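Enquirer: The structure that follows is given in the form of C-alpha coordinates.
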2 protein chains.
Amino acid sequence: MSAEDVKLKLVEAEEPDENDYRLQDQVGFILRKAHQRHVSIFAAHIADLTPPQFAALAKLHDVGETSQNQLGSLIAMDAATVKGVIDRLKARGLVELSKHEVDKRRLLVNLTAEGRDAVARLIPIARDITQETLAPLSAKEVAIFMRLLAKLA
Amino acid sequence: MSAEDVKLKLVEAEEPDENDYRLQDQVGFILRKAHQRHVSIFAAHIADLTPPQFAALAKLHDVGETSQNQLGSLIAMDAATVKGVIDRLKARGLVELSKHEVDKRRLLVNLTAEGRDAVARLIPIARDITQETLAPLSAKEVAIFMRLLAKLA
DNA sequence: TCAAATTCATTCGTATGCAAATGATATCAA
DNA sequence: TTGATATCATTTGCATACGAATGAATTTGA
(Lines give C-alpha, C1' and ligand atoms only; values in the text may rest on other atoms or scores of the structure.)
Protein backbone atom coordinates (compact mmCIF):
# COMPACT_ATOMS: atom_id res chain seq x y z
CA MET A 1 0.00 0.00 0.00
CA SER A 2 1.45 3.35 -1.04
CA ALA A 3 1.72 6.30 1.29
CA GLU A 4 -1.09 7.90 -0.66
CA ASP A 5 -3.35 4.90 -0.13
CA VAL A 6 -2.66 4.98 3.58
CA LYS A 7 -3.60 8.61 3.68
CA LEU A 8 -6.85 8.00 1.83
CA LYS A 9 -7.78 5.17 4.13
CA LEU A 10 -7.10 7.30 7.19
CA VAL A 11 -9.20 10.09 5.83
CA GLU A 12 -12.06 7.68 5.27
CA ALA A 13 -11.71 6.26 8.74
CA GLU A 14 -11.68 9.72 10.24
CA GLU A 15 -14.84 10.74 8.48
CA PRO A 16 -17.94 9.29 10.11
CA ASP A 17 -19.28 12.88 9.95
CA GLU A 18 -22.79 13.80 8.90
CA ASN A 19 -23.53 10.66 6.95
CA ASP A 20 -24.01 8.36 9.88
CA TYR A 21 -25.65 10.80 12.27
CA ARG A 22 -29.22 9.66 12.70
CA LEU A 23 -31.34 11.98 14.75
CA GLN A 24 -33.86 9.28 15.56
CA ASP A 25 -31.12 7.23 17.25
CA GLN A 26 -29.88 9.99 19.53
CA VAL A 27 -30.70 9.64 23.19
CA GLY A 28 -31.88 13.23 23.54
CA PHE A 29 -34.38 12.91 20.75
CA ILE A 30 -35.81 9.64 22.03
CA LEU A 31 -35.86 10.95 25.58
CA ARG A 32 -37.95 13.87 24.38
CA LYS A 33 -40.37 11.55 22.61
CA ALA A 34 -40.66 9.20 25.59
CA HIS A 35 -41.40 12.19 27.79
CA GLN A 36 -44.03 13.43 25.35
CA ARG A 37 -45.69 10.04 25.39
CA HIS A 38 -45.77 10.01 29.17
CA VAL A 39 -47.32 13.46 29.34
CA SER A 40 -49.95 12.36 26.86
CA ILE A 41 -50.80 9.28 28.96
CA PHE A 42 -50.93 11.47 32.06
CA ALA A 43 -53.35 13.89 30.40
CA ALA A 44 -55.60 11.03 29.32
CA HIS A 45 -55.97 9.94 32.96
CA ILE A 46 -55.83 13.28 34.76
CA ALA A 47 -57.28 16.00 32.60
CA ASP A 48 -57.40 18.87 35.06
CA LEU A 49 -53.84 18.80 36.34
CA THR A 50 -50.44 18.74 34.63
CA PRO A 51 -47.58 16.44 35.68
CA PRO A 52 -45.63 19.31 37.28
CA GLN A 53 -48.74 20.42 39.19
CA PHE A 54 -49.34 16.90 40.43
CA ALA A 55 -45.66 16.58 41.34
CA ALA A 56 -45.96 19.67 43.53
CA LEU A 57 -49.06 18.34 45.28
CA ALA A 58 -47.61 14.85 45.78
CA LYS A 59 -44.39 16.23 47.19
CA LEU A 60 -46.23 18.55 49.55
CA HIS A 61 -48.25 15.55 50.67
CA ASP A 62 -44.94 13.81 51.41
CA VAL A 63 -43.03 16.49 53.21
CA GLY A 64 -45.70 18.87 54.49
CA GLU A 65 -45.08 22.60 54.68
CA THR A 66 -42.03 23.89 52.81
CA SER A 67 -40.84 27.08 51.23
CA GLN A 68 -41.55 27.61 47.56
CA ASN A 69 -37.91 27.33 46.49
CA GLN A 70 -37.33 24.27 48.66
CA LEU A 71 -40.33 22.60 47.07
CA GLY A 72 -38.94 23.52 43.68
CA SER A 73 -35.63 21.84 44.38
CA LEU A 74 -37.48 18.72 45.59
CA ILE A 75 -39.35 18.44 42.31
CA ALA A 76 -36.61 19.72 40.01
CA MET A 77 -38.03 23.13 39.12
CA ASP A 78 -36.18 26.41 39.17
CA ALA A 79 -37.56 29.35 41.11
CA ALA A 80 -39.33 30.94 38.17
CA THR A 81 -41.03 27.73 37.12
CA VAL A 82 -42.19 26.64 40.55
CA LYS A 83 -43.68 30.07 41.14
CA GLY A 84 -45.96 29.70 38.16
CA VAL A 85 -47.01 26.19 39.17
CA ILE A 86 -47.76 27.21 42.76
CA ASP A 87 -49.64 30.33 41.65
CA ARG A 88 -51.97 28.20 39.55
CA LEU A 89 -52.49 25.65 42.31
CA LYS A 90 -53.25 28.48 44.71
CA ALA A 91 -55.74 30.01 42.28
CA ARG A 92 -57.54 26.67 42.31
CA GLY A 93 -57.56 26.39 46.08
CA LEU A 94 -55.31 23.32 46.25
CA VAL A 95 -52.48 25.02 48.14
CA GLU A 96 -52.23 28.01 50.43
CA LEU A 97 -49.33 30.36 51.03
CA SER A 98 -48.06 32.02 54.18
CA LYS A 99 -45.04 33.96 55.28
CA HIS A 100 -42.26 32.42 57.31
CA GLU A 101 -42.31 33.93 60.80
CA VAL A 102 -38.58 34.11 61.27
CA ASP A 103 -37.08 34.31 57.80
CA LYS A 104 -39.12 36.94 56.04
CA ARG A 105 -37.75 35.99 52.65
CA ARG A 106 -39.46 32.62 52.69
CA LEU A 107 -42.88 31.88 51.26
CA LEU A 108 -44.37 28.78 52.87
CA VAL A 109 -46.56 26.45 50.83
CA ASN A 110 -49.17 24.08 52.27
CA LEU A 111 -51.83 21.76 50.95
CA THR A 112 -55.39 22.85 51.66
CA ALA A 113 -57.98 20.29 52.75
CA GLU A 114 -59.12 20.22 49.14
CA GLY A 115 -55.54 19.73 48.02
CA ARG A 116 -55.12 16.78 50.38
CA ASP A 117 -58.32 15.21 49.07
CA ALA A 118 -57.13 15.67 45.50
CA VAL A 119 -53.80 13.98 46.18
CA ALA A 120 -55.48 11.06 47.95
CA ARG A 121 -57.88 10.65 45.06
CA LEU A 122 -55.21 10.97 42.37
CA ILE A 123 -52.41 8.80 43.71
CA PRO A 124 -54.07 5.53 42.65
CA ILE A 125 -54.58 7.01 39.20
CA ALA A 126 -50.96 8.17 39.11
CA ARG A 127 -49.97 4.58 39.77
CA ASP A 128 -51.97 3.54 36.72
CA ILE A 129 -50.23 6.20 34.68
CA THR A 130 -46.82 4.86 35.66
CA GLN A 131 -47.92 1.37 34.77
CA GLU A 132 -49.32 2.37 31.41
CA THR A 133 -46.17 4.33 30.58
CA LEU A 134 -44.07 1.25 31.31
CA ALA A 135 -46.48 -1.19 29.69
CA PRO A 136 -44.27 -1.83 26.62
CA LEU A 137 -41.66 -3.37 28.94
CA SER A 138 -41.71 -6.66 30.80
CA ALA A 139 -41.34 -6.63 34.58
CA LYS A 140 -37.69 -7.53 34.27
CA GLU A 141 -37.10 -4.83 31.67
CA VAL A 142 -38.82 -2.28 33.88
CA ALA A 143 -36.40 -2.99 36.71
CA ILE A 144 -33.40 -2.63 34.41
CA PHE A 145 -34.74 0.45 32.68
CA MET A 146 -35.55 2.29 35.89
CA ARG A 147 -32.10 1.58 37.28
CA LEU A 148 -30.38 2.94 34.16
CA LEU A 149 -32.72 5.88 33.72
CA ALA A 150 -32.08 6.95 37.29
CA LYS A 151 -28.37 7.04 36.49
CA LEU A 152 -29.06 9.55 33.72
CA ALA A 153 -31.31 11.83 35.76
CA MET B 1 -57.35 -15.99 63.62
CA SER B 2 -60.87 -14.56 64.01
CA ALA B 3 -62.97 -13.41 61.11
CA GLU B 4 -62.39 -9.88 62.29
CA ASP B 5 -58.62 -10.34 62.19
CA VAL B 6 -58.82 -11.67 58.66
CA LYS B 7 -60.80 -8.64 57.59
CA LEU B 8 -58.28 -6.28 59.15
CA LYS B 9 -55.41 -8.01 57.45
CA LEU B 10 -57.14 -7.83 54.09
CA VAL B 11 -57.81 -4.16 54.54
CA GLU B 12 -54.15 -3.58 55.25
CA ALA B 13 -53.10 -5.62 52.24
CA GLU B 14 -55.49 -3.69 50.00
CA GLU B 15 -54.18 -0.37 51.11
CA PRO B 16 -50.89 0.50 49.46
CA ASP B 17 -52.47 3.91 48.77
CA GLU B 18 -50.68 7.19 49.30
CA ASN B 19 -48.15 5.92 51.81
CA ASP B 20 -45.98 4.06 49.36
CA TYR B 21 -46.29 6.41 46.41
CA ARG B 22 -42.90 7.98 45.93
CA LEU B 23 -42.79 10.66 43.29
CA GLN B 24 -39.05 10.35 42.83
CA ASP B 25 -39.48 6.69 41.81
CA GLN B 26 -42.10 7.32 39.13
CA VAL B 27 -40.96 6.91 35.57
CA GLY B 28 -42.54 10.17 34.43
CA PHE B 29 -40.74 12.22 37.02
CA ILE B 30 -37.35 10.65 36.29
CA LEU B 31 -37.94 10.91 32.55
CA ARG B 32 -38.54 14.62 33.00
CA LYS B 33 -35.32 15.02 34.97
CA ALA B 34 -33.27 13.00 32.50
CA HIS B 35 -34.62 15.16 29.70
CA GLN B 36 -33.77 18.31 31.63
CA ARG B 37 -30.23 17.07 32.14
CA HIS B 38 -29.86 16.37 28.44
CA VAL B 39 -31.11 19.82 27.47
CA SER B 40 -28.64 21.35 29.88
CA ILE B 41 -25.75 19.36 28.38
CA PHE B 42 -26.92 20.38 24.91
CA ALA B 43 -26.96 24.05 25.85
CA ALA B 44 -23.45 23.81 27.28
CA HIS B 45 -22.16 22.59 23.92
CA ILE B 46 -24.42 24.46 21.51
CA ALA B 47 -25.39 27.80 22.94
CA ASP B 48 -27.07 29.40 19.96
CA LEU B 49 -29.51 26.62 19.02
CA THR B 50 -32.04 24.59 20.99
CA PRO B 51 -32.45 20.82 20.66
CA PRO B 52 -35.70 21.18 18.68
CA GLN B 53 -34.08 23.69 16.34
CA PHE B 54 -31.13 21.40 15.77
CA ALA B 55 -33.49 18.47 15.26
CA ALA B 56 -35.23 20.40 12.49
CA LEU B 57 -31.94 21.25 10.77
CA ALA B 58 -30.54 17.72 11.11
CA LYS B 59 -33.71 16.18 9.71
CA LEU B 60 -33.79 18.61 6.79
CA HIS B 61 -30.19 17.67 6.11
CA ASP B 62 -31.31 14.04 6.01
CA VAL B 63 -34.39 14.25 3.88
CA GLY B 64 -34.01 17.47 1.96
CA GLU B 65 -36.99 19.61 1.08
CA THR B 66 -40.24 18.80 2.89
CA SER B 67 -43.41 20.51 3.91
CA GLN B 68 -43.55 22.12 7.32
CA ASN B 69 -46.06 19.62 8.73
CA GLN B 70 -44.22 16.66 7.26
CA LEU B 71 -41.03 17.87 8.91
CA GLY B 72 -42.93 18.22 12.13
CA SER B 73 -44.10 14.64 12.07
CA LEU B 74 -40.53 13.49 11.36
CA ILE B 75 -39.25 15.24 14.47
CA ALA B 76 -42.29 14.71 16.68
CA MET B 77 -43.67 18.24 16.76
CA ASP B 78 -47.25 19.24 16.22
CA ALA B 79 -48.13 21.86 13.63
CA ALA B 80 -48.19 24.76 16.06
CA THR B 81 -44.82 23.91 17.57
CA VAL B 82 -42.99 23.27 14.33
CA LYS B 83 -44.23 26.56 12.94
CA GLY B 84 -42.55 28.48 15.74
CA VAL B 85 -39.31 26.55 15.37
CA ILE B 86 -39.19 27.06 11.59
CA ASP B 87 -40.07 30.75 11.91
CA ARG B 88 -37.09 31.28 14.17
CA LEU B 89 -34.73 29.31 11.93
CA LYS B 90 -35.96 31.33 8.96
CA ALA B 91 -35.39 34.59 10.82
CA ARG B 92 -31.80 33.48 11.30
CA GLY B 93 -31.30 32.54 7.68
CA LEU B 94 -30.79 28.83 8.31
CA VAL B 95 -33.86 27.70 6.36
CA GLU B 96 -35.91 29.17 3.56
CA LEU B 97 -39.57 28.69 2.75
CA SER B 98 -41.38 28.35 -0.55
CA LYS B 99 -44.80 27.39 -1.78
CA HIS B 100 -45.58 23.99 -3.22
CA GLU B 101 -46.30 24.40 -6.93
CA VAL B 102 -49.05 21.82 -7.11
CA ASP B 103 -50.54 21.61 -3.64
CA LYS B 104 -51.04 25.20 -2.63
CA ARG B 105 -51.66 24.27 1.00
CA ARG B 106 -48.09 23.12 1.50
CA LEU B 107 -45.23 25.26 2.76
CA LEU B 108 -41.90 23.80 1.69
CA VAL B 109 -38.88 24.09 3.95
CA ASN B 110 -35.28 23.94 2.79
CA LEU B 111 -31.85 24.41 4.33
CA THR B 112 -29.98 27.48 3.11
CA ALA B 113 -26.26 27.27 2.36
CA GLU B 114 -25.68 28.71 5.79
CA GLY B 115 -28.00 26.13 7.28
CA ARG B 116 -26.10 23.32 5.60
CA ASP B 117 -22.82 24.68 6.93
CA ALA B 118 -24.28 24.90 10.42
CA VAL B 119 -25.45 21.28 10.36
CA ALA B 120 -22.10 20.04 9.08
CA ARG B 121 -20.32 21.99 11.78
CA LEU B 122 -22.66 20.92 14.57
CA ILE B 123 -23.09 17.20 13.92
CA PRO B 124 -19.73 16.27 15.48
CA ILE B 125 -20.66 18.36 18.52
CA ALA B 126 -24.06 16.70 18.66
CA ARG B 127 -22.27 13.38 18.82
CA ASP B 128 -20.33 14.62 21.83
CA ILE B 129 -23.59 15.69 23.45
CA THR B 130 -25.05 12.21 23.03
CA GLN B 131 -21.92 10.72 24.49
CA GLU B 132 -21.86 13.04 27.48
CA THR B 133 -25.54 12.40 28.16
CA LEU B 134 -24.89 8.66 28.22
CA ALA B 135 -21.59 8.94 30.10
CA PRO B 136 -23.01 7.58 33.39
CA LEU B 137 -23.64 4.25 31.64
CA SER B 138 -21.18 1.61 30.45
CA ALA B 139 -21.18 0.64 26.79
CA LYS B 140 -23.21 -2.44 27.58
CA GLU B 141 -25.70 -0.44 29.63
CA VAL B 142 -26.04 2.09 26.82
CA ALA B 143 -27.07 -0.63 24.40
CA ILE B 144 -29.66 -2.00 26.81
CA PHE B 145 -30.95 1.42 27.77
CA MET B 146 -31.39 2.63 24.21
CA ARG B 147 -33.28 -0.51 23.28
CA LEU B 148 -35.69 -0.14 26.20
CA LEU B 149 -36.06 3.62 25.86
CA ALA B 150 -36.97 3.21 22.21
CA LYS B 151 -39.77 0.89 23.28
CA LEU B 152 -41.23 3.67 25.42
CA ALA B 153 -41.01 6.41 22.80
C1' DT C 1 -70.04 15.93 -10.06
C1' DC C 2 -70.30 17.85 -5.81
C1' DA C 3 -70.96 17.69 -0.91
C1' DA C 4 -68.44 15.72 2.97
C1' DA C 5 -64.29 14.64 4.93
C1' DT C 6 -59.39 15.35 5.16
C1' DT C 7 -55.13 17.75 5.08
C1' DC C 8 -52.04 21.83 5.65
C1' DA C 9 -51.16 25.77 7.91
C1' DT C 10 -52.12 29.58 11.14
C1' DT C 11 -53.62 31.69 15.38
C1' DC C 12 -54.90 31.92 20.24
C1' DG C 13 -54.62 30.59 24.90
C1' DT C 14 -52.38 28.18 28.55
C1' DA C 15 -48.48 25.87 30.80
C1' DT C 16 -43.82 24.50 31.51
C1' DG C 17 -38.72 25.70 31.52
C1' DC C 18 -34.75 28.52 32.02
C1' DA C 19 -31.46 32.70 31.88
C1' DA C 20 -30.80 37.09 33.63
C1' DA C 21 -31.81 41.05 36.32
C1' DT C 22 -33.74 42.95 40.58
C1' DG C 23 -34.98 43.65 45.39
C1' DA C 24 -35.44 42.13 50.08
C1' DT C 25 -33.53 39.63 53.71
C1' DA C 26 -30.13 36.85 56.06
C1' DT C 27 -25.46 35.15 56.87
C1' DC C 28 -20.53 35.43 56.91
C1' DA C 29 -16.14 37.31 57.75
C1' DA C 30 -12.66 40.73 58.40
C1' DT D 1 -20.11 45.98 63.53
C1' DT D 2 -20.42 46.32 58.88
C1' DG D 3 -19.38 45.34 54.26
C1' DA D 4 -19.37 41.43 51.09
C1' DT D 5 -21.95 37.19 49.97
C1' DA D 6 -25.52 34.32 49.70
C1' DT D 7 -30.35 33.06 49.65
C1' DC D 8 -35.40 33.61 48.56
C1' DA D 9 -38.59 35.30 45.65
C1' DT D 10 -40.25 37.96 41.67
C1' DT D 11 -40.29 39.66 37.03
C1' DT D 12 -39.19 39.75 32.13
C1' DG D 13 -38.13 37.66 27.88
C1' DC D 14 -37.74 33.83 24.99
C1' DA D 15 -38.62 28.99 23.48
C1' DT D 16 -41.00 24.68 23.43
C1' DA D 17 -45.55 22.07 23.68
C1' DC D 18 -50.24 21.20 22.82
C1' DG D 19 -55.51 21.71 22.52
C1' DA D 20 -58.93 24.03 20.01
C1' DA D 21 -60.71 26.92 16.51
C1' DT D 22 -60.33 28.68 11.83
C1' DG D 23 -59.62 29.04 6.87
C1' DA D 24 -57.84 27.44 2.51
C1' DA D 25 -57.01 23.71 -0.54
C1' DT D 26 -57.38 18.92 -1.74
C1' DT D 27 -59.29 14.34 -1.82
C1' DT D 28 -62.99 11.08 -1.28
C1' DG D 29 -67.14 8.84 -2.12
C1' DA D 30 -71.97 8.38 -3.06
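Note on naming: chains are A, B, ... as they come in the C-alpha coordinates, residues start from 1 per chain, ligands start from 1 in the order shown.
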Give me, as a Markdown table, each residue of chain A that comes within 10 Å of chain D, together with its shortest interatomic pair and the distance in Å at one decimal, counting only C-alpha atoms (C1' of nucleotides), with rows ordered by chain and rising residue number.
Expert:
```
| residue | atom | partner | partner_atom | distance |
| --- | --- | --- | --- | --- |
| A:Gln36 | CA | D:DA17 | C1' | 8.9 |
| A:Ser40 | CA | D:DC18 | C1' | 9.7 |
| A:Ser67 | CA | D:DC8 | C1' | 8.9 |
| A:Gln68 | CA | D:DA9 | C1' | 8.5 |
| A:Asn69 | CA | D:DC8 | C1' | 7.1 |
| A:Gln70 | CA | D:DC8 | C1' | 9.5 |
| A:Ala79 | CA | D:DA9 | C1' | 7.5 |
| A:Ala80 | CA | D:DT10 | C1' | 7.9 |
| A:Lys83 | CA | D:DA9 | C1' | 8.6 |
| A:Asp103 | CA | D:DC8 | C1' | 9.4 |
| A:Lys104 | CA | D:DC8 | C1' | 9.0 |
| A:Arg105 | CA | D:DC8 | C1' | 5.3 |
| A:Arg106 | CA | D:DC8 | C1' | 5.9 |
| A:Leu107 | CA | D:DA9 | C1' | 7.8 |
```
Enquirer: Kindly provide, as number ranges by chain, the residues of chain B having any atom no farther than 8 Å from an atom of chain A, counting only C-alpha atoms.
Expert: B: 17-18, 21, 23, 26-35, 37-39, 55, 58-59, 76, 120, 123-124, 127, 130, 133-134, 136-137, 141, 145-146, 148-153
Enquirer: For chain C against chain A, which residues fall within 8 Å using only C-alpha atoms (C1' of nucleotides), given as a PyMOL selection string?
Expert: chain C and resi 16-18+24-26
Enquirer: Store the residues picked out above, limited to N, CA, C and O atoms (P, O5', C5', C4', C3', O3' and C1' of nucleotides), as a PDB file, in the first residue's frame.
Expert:
```pdb
ATOM      1  P    DT C  16     -47.807  24.059  34.676  1.00  0.00           P
ATOM      2  O5'  DT C  16     -46.490  24.841  34.272  1.00  0.00           O
ATOM      3  C5'  DT C  16     -45.243  24.269  34.554  1.00  0.00           C
ATOM      4  C4'  DT C  16     -44.764  23.422  33.377  1.00  0.00           C
ATOM      5  C3'  DT C  16     -43.260  23.219  33.419  1.00  0.00           C
ATOM      6  O3'  DT C  16     -42.933  21.950  32.874  1.00  0.00           O
ATOM      7  C1'  DT C  16     -43.825  24.498  31.506  1.00  0.00           C
ATOM      8  P    DG C  17     -41.511  21.297  33.357  1.00  0.00           P
ATOM      9  O5'  DG C  17     -40.413  22.387  32.943  1.00  0.00           O
ATOM     10  C5'  DG C  17     -39.729  22.260  31.724  1.00  0.00           C
ATOM     11  C4'  DG C  17     -38.773  23.416  31.541  1.00  0.00           C
ATOM     12  C3'  DG C  17     -37.953  23.817  32.774  1.00  0.00           C
ATOM     13  O3'  DG C  17     -36.618  23.436  32.524  1.00  0.00           O
ATOM     14  C1'  DG C  17     -38.717  25.701  31.522  1.00  0.00           C
ATOM     15  P    DC C  18     -35.464  23.605  33.600  1.00  0.00           P
ATOM     16  O5'  DC C  18     -34.743  24.954  33.167  1.00  0.00           O
ATOM     17  C5'  DC C  18     -34.144  25.034  31.885  1.00  0.00           C
ATOM     18  C4'  DC C  18     -33.782  26.473  31.594  1.00  0.00           C
ATOM     19  C3'  DC C  18     -32.980  27.154  32.704  1.00  0.00           C
ATOM     20  O3'  DC C  18     -31.843  27.744  32.124  1.00  0.00           O
ATOM     21  C1'  DC C  18     -34.752  28.521  32.020  1.00  0.00           C
ATOM     22  P    DA C  24     -36.539  46.623  47.918  1.00  0.00           P
ATOM     23  O5'  DA C  24     -36.644  45.471  49.004  1.00  0.00           O
ATOM     24  C5'  DA C  24     -37.727  44.546  48.920  1.00  0.00           C
ATOM     25  C4'  DA C  24     -37.403  43.343  49.768  1.00  0.00           C
ATOM     26  C3'  DA C  24     -36.857  43.694  51.152  1.00  0.00           C
ATOM     27  O3'  DA C  24     -37.618  43.003  52.130  1.00  0.00           O
ATOM     28  C1'  DA C  24     -35.441  42.133  50.076  1.00  0.00           C
ATOM     29  P    DT C  25     -37.378  43.340  53.689  1.00  0.00           P
ATOM     30  O5'  DT C  25     -36.450  42.109  54.136  1.00  0.00           O
ATOM     31  C5'  DT C  25     -36.923  40.798  53.906  1.00  0.00           C
ATOM     32  C4'  DT C  25     -35.782  39.826  54.110  1.00  0.00           C
ATOM     33  C3'  DT C  25     -35.107  39.902  55.478  1.00  0.00           C
ATOM     34  O3'  DT C  25     -35.377  38.677  56.142  1.00  0.00           O
ATOM     35  C1'  DT C  25     -33.534  39.628  53.711  1.00  0.00           C
ATOM     36  P    DA C  26     -34.888  38.415  57.651  1.00  0.00           P
ATOM     37  O5'  DA C  26     -33.547  37.602  57.411  1.00  0.00           O
ATOM     38  C5'  DA C  26     -33.583  36.478  56.547  1.00  0.00           C
ATOM     39  C4'  DA C  26     -32.214  35.873  56.396  1.00  0.00           C
ATOM     40  C3'  DA C  26     -31.400  35.734  57.693  1.00  0.00           C
ATOM     41  O3'  DA C  26     -30.880  34.419  57.719  1.00  0.00           O
ATOM     42  C1'  DA C  26     -30.126  36.853  56.055  1.00  0.00           C
TER      43       DA C  26
END
```
Enquirer: Take C1' of DA4 (chain C) and CA of His100 (chain B) and report the distance between them in Å, one decimal.
Expert: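 CA of His100 (chain B) lies 25.1 Å from C1' of DA4 (chain C).
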Enquirer: Any chance you could list, as a list in words, the residues in chain A that come up strand (DSSP E or B) when DSSP is run on the backbone?
Expert: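 Those in chain A that DSSP calls strand (DSSP E or B) are Thr66, Ser67, Val95, Glu96, Leu97, Ser98, Lys99, Leu107, Leu108, Val109, Asn110 and Leu111 of chain A.
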Enquirer: Going by DSSP on the backbone, which bits of region 25-123 of chain A are helix (DSSP H, G or I)? Write them as a ChimeraX atom specification, please.
Expert: /A:25,27-45,51-63,68-74,79-91,113-123
